[in-house]
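Only one structure is covered here, and it is reproduced in the block below.
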Amino acid sequence: MTNSQFAFSQSLLALNKNAARIILDDACHELSPVETINTIVSPVLEDMGRRWEHGNLALSQLYMCGRICEKLIDDMLDPVLFTRKSQPKIAIASLIDYHMLGKNLVRHHLRSSGFEVLDYGRTDIDELVRQARNDRIEVIMISTLMLSSAKKILRVREQLDKHDIRPRIIVGGAPFLFDADLWKEVGADAMGRNSTEAVELIEGLCEAEI
Ligand code: B12
């Protein structure tokens, strides 16, 4: 663990949001906000997840640390006002899952790269399909951190097929990092390992002019 990661972790565990914010602000002098999150926030949360799995951290601690990170990330990645690019119509959602950090990070990264993204928040299968049809979405980005939720993406694809529409589905989150073939099994068109890959995938689609 680097010094910044250690200090950030200690601040979170002490529930000292201001100290945690200062560490991220300092890092932002050398790194972009997204790089700062990828090099400090994500590794620290993953380390805490491992400690929780081994019984060395309470779920309540993990929860509080996650909530603080959520707030810090939202503040760091305030919508950047770029002229939006010509792009497919994109929506992002967290499917039957309370883990929201990854989704928010991907959305912010896309927005700060100039893409407009509708945010459906935390949603379920029927609601996601209804909104995607209603908004004529061309790319649905789905974030799931739990395997049980990831497997439900197949039902989203089946429902869309029933309505005879085929938006691209791009997925991401822990289950897809653990199992490299899972995205194909759930009927997705692509998987991104992080927010940078999410942006690259959308840029690739724009170049291919879907
Ligand atoms: C923090 C955390 C929590 C926090 C969430 C706080 C919040 N507001 O989001 C709290 C404490 C609430 C929590 C609760 C639970 N959690 Co939890 N949690 C985590 C942990 C440690 C980190 C997740 C995180 O926020 N990472 C930081 C973010 C920035 O990274 P990320 O989400 O992975 O997103 C990145 C990429 O995956 C990718 N990405 C993400 N989404 C998308 C989407 C697209 C389209 C693309 C392209 C890319 C992409 O880009 C992002 C940026 O780089 C993970 C461990 C892990 N290895 O992921 C467990 C983990 C996800 N949790 C797990 C579990 C089991 C739970 C609980 C069921 C625990 C319980 N017994 O109650 C509950 C379930 C809540 C629910 N019903 O949804 C398990 C899931 C295991 C499984 N096989 O399903 C994990 C994997 C831990 C483990 N190894 O067991 N959790």
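Chain labels A, B, ... are given in the sequence in which chains occur in the structure tokens; within each chain residues are numbered consecutively from 1, and ligands are likewise numbered from 1 in the order shown.
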
Please identify which residues in chain A DSSP calls helix (DSSP H, G or I) from the backbone, and express them as a count of residues only.
121

Can you list, as a list in words, every protein, DNA or RNA residue that comes within 10 Å of A:Thr2 when you count only C-alpha atoms, leaving out same-chain residues fewer than 6 positions away?
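Once the adjacent positions are removed, what remains is Phe8, Thr39 and Ile40 of chain A.
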
Take the residues from that selection and put them in a file with C-alpha atoms, as a short mmCIF file (atom, residue, chain, number, x, y, z; two decimals), in the first residue's frame.
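Done, and the output landed in result_37.cif:
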```cif
data_model
loop_
_atom_site.label_atom_id
_atom_site.label_comp_id
_atom_site.auth_asym_id
_atom_site.auth_seq_id
_atom_site.Cartn_x
_atom_site.Cartn_y
_atom_site.Cartn_z
CA PHE A 8 -6.72 7.57 3.00
CA THR A 39 -5.12 4.77 -7.75
CA ILE A 40 -6.36 5.63 -4.26
#
```

Residue neighbourhood stretch 141-150 of chain A, 6 Å, only C-alpha atoms, exclusion window fewer than 5 positions, as a CSV table (one decimal) with all heavy atoms, in the first residue's frame:
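New file around_36.csv:
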```
chain,number,residue,atom,x,y,z
A,92,ILE,N,-27.1,4.4,-18.3
A,92,ILE,CA,-26.4,3.5,-17.4
A,92,ILE,C,-27.3,3.2,-16.2
A,92,ILE,O,-28.1,4.0,-15.8
A,92,ILE,CB,-25.0,4.2,-17.0
A,92,ILE,CG1,-24.2,3.2,-16.2
A,92,ILE,CG2,-25.3,5.4,-16.1
A,92,ILE,CD1,-22.7,3.6,-16.1
A,93,ALA,N,-27.1,2.0,-15.7
A,93,ALA,CA,-27.9,1.6,-14.5
A,93,ALA,C,-27.2,0.6,-13.7
A,93,ALA,O,-26.3,-0.1,-14.2
A,93,ALA,CB,-29.2,1.0,-15.0
A,94,SER,N,-27.5,0.5,-12.4
A,94,SER,CA,-27.1,-0.5,-11.5
A,94,SER,C,-28.2,-1.5,-11.4
A,94,SER,O,-29.3,-1.0,-11.0
A,94,SER,CB,-26.7,0.1,-10.2
A,94,SER,OG,-26.6,-0.8,-9.2
A,95,LEU,N,-28.0,-2.7,-11.7
A,95,LEU,CA,-29.2,-3.7,-11.8
A,95,LEU,C,-29.3,-4.5,-10.5
A,95,LEU,O,-28.4,-5.3,-10.2
A,95,LEU,CB,-29.0,-4.6,-13.0
A,95,LEU,CG,-30.1,-5.6,-13.3
A,95,LEU,CD1,-31.4,-4.8,-13.8
A,95,LEU,CD2,-29.7,-6.7,-14.3
A,96,ILE,N,-30.4,-4.3,-9.8
A,96,ILE,CA,-30.7,-5.0,-8.6
A,96,ILE,C,-29.5,-5.1,-7.7
A,96,ILE,O,-29.1,-6.2,-7.3
A,96,ILE,CB,-31.3,-6.4,-8.9
A,96,ILE,CG1,-32.3,-6.3,-10.1
A,96,ILE,CG2,-32.0,-7.0,-7.7
A,96,ILE,CD1,-32.8,-7.6,-10.6
A,103,LYS,N,-20.7,2.4,-10.9
A,103,LYS,CA,-21.6,3.0,-11.9
A,103,LYS,C,-21.4,4.5,-11.9
A,103,LYS,O,-21.3,5.1,-13.0
A,103,LYS,CB,-23.1,2.7,-11.6
A,103,LYS,CG,-24.1,3.5,-12.4
A,103,LYS,CD,-25.5,3.4,-12.0
A,103,LYS,CE,-25.7,4.3,-10.7
A,103,LYS,NZ,-25.7,5.7,-10.9
A,169,ILE,N,-25.5,-3.9,-25.2
A,169,ILE,CA,-25.4,-4.0,-23.7
A,169,ILE,C,-23.9,-4.1,-23.4
A,169,ILE,O,-23.2,-5.0,-23.8
A,169,ILE,CB,-26.2,-5.2,-23.1
A,169,ILE,CG1,-27.7,-5.0,-23.4
A,169,ILE,CG2,-25.9,-5.3,-21.6
A,169,ILE,CD1,-28.5,-6.2,-22.8
A,170,ILE,N,-23.5,-3.1,-22.6
A,170,ILE,CA,-22.1,-3.1,-22.1
A,170,ILE,C,-22.1,-3.3,-20.6
A,170,ILE,O,-22.9,-2.6,-19.9
A,170,ILE,CB,-21.3,-1.8,-22.5
A,170,ILE,CG1,-21.3,-1.6,-24.0
A,170,ILE,CG2,-19.9,-1.8,-21.9
A,170,ILE,CD1,-20.6,-0.4,-24.5
A,171,VAL,N,-21.4,-4.3,-20.1
A,171,VAL,CA,-21.5,-4.6,-18.7
A,171,VAL,C,-20.1,-4.3,-18.0
A,171,VAL,O,-19.1,-4.3,-18.6
A,171,VAL,CB,-21.9,-6.0,-18.4
A,171,VAL,CG1,-23.3,-6.2,-19.0
A,171,VAL,CG2,-21.0,-7.0,-19.1
A,172,GLY,N,-20.2,-4.2,-16.6
A,172,GLY,CA,-19.0,-4.2,-15.8
A,172,GLY,C,-19.3,-4.4,-14.4
A,172,GLY,O,-20.4,-4.4,-14.0
A,173,GLY,N,-18.2,-4.6,-13.6
A,173,GLY,CA,-18.4,-4.8,-12.2
A,173,GLY,C,-17.6,-6.1,-11.8
A,173,GLY,O,-17.2,-6.9,-12.6
A,174,ALA,N,-17.5,-6.3,-10.4
A,174,ALA,CA,-16.7,-7.4,-9.9
A,174,ALA,C,-16.9,-8.8,-10.5
A,174,ALA,O,-15.9,-9.5,-10.8
A,174,ALA,CB,-16.9,-7.5,-8.4
A,175,PRO,N,-18.2,-9.2,-10.7
A,175,PRO,CA,-18.3,-10.6,-11.3
A,175,PRO,C,-17.7,-10.8,-12.6
A,175,PRO,O,-17.2,-11.9,-12.9
A,175,PRO,CB,-19.9,-10.8,-11.4
A,175,PRO,CG,-20.4,-9.7,-10.5
A,175,PRO,CD,-19.5,-8.6,-10.5
```
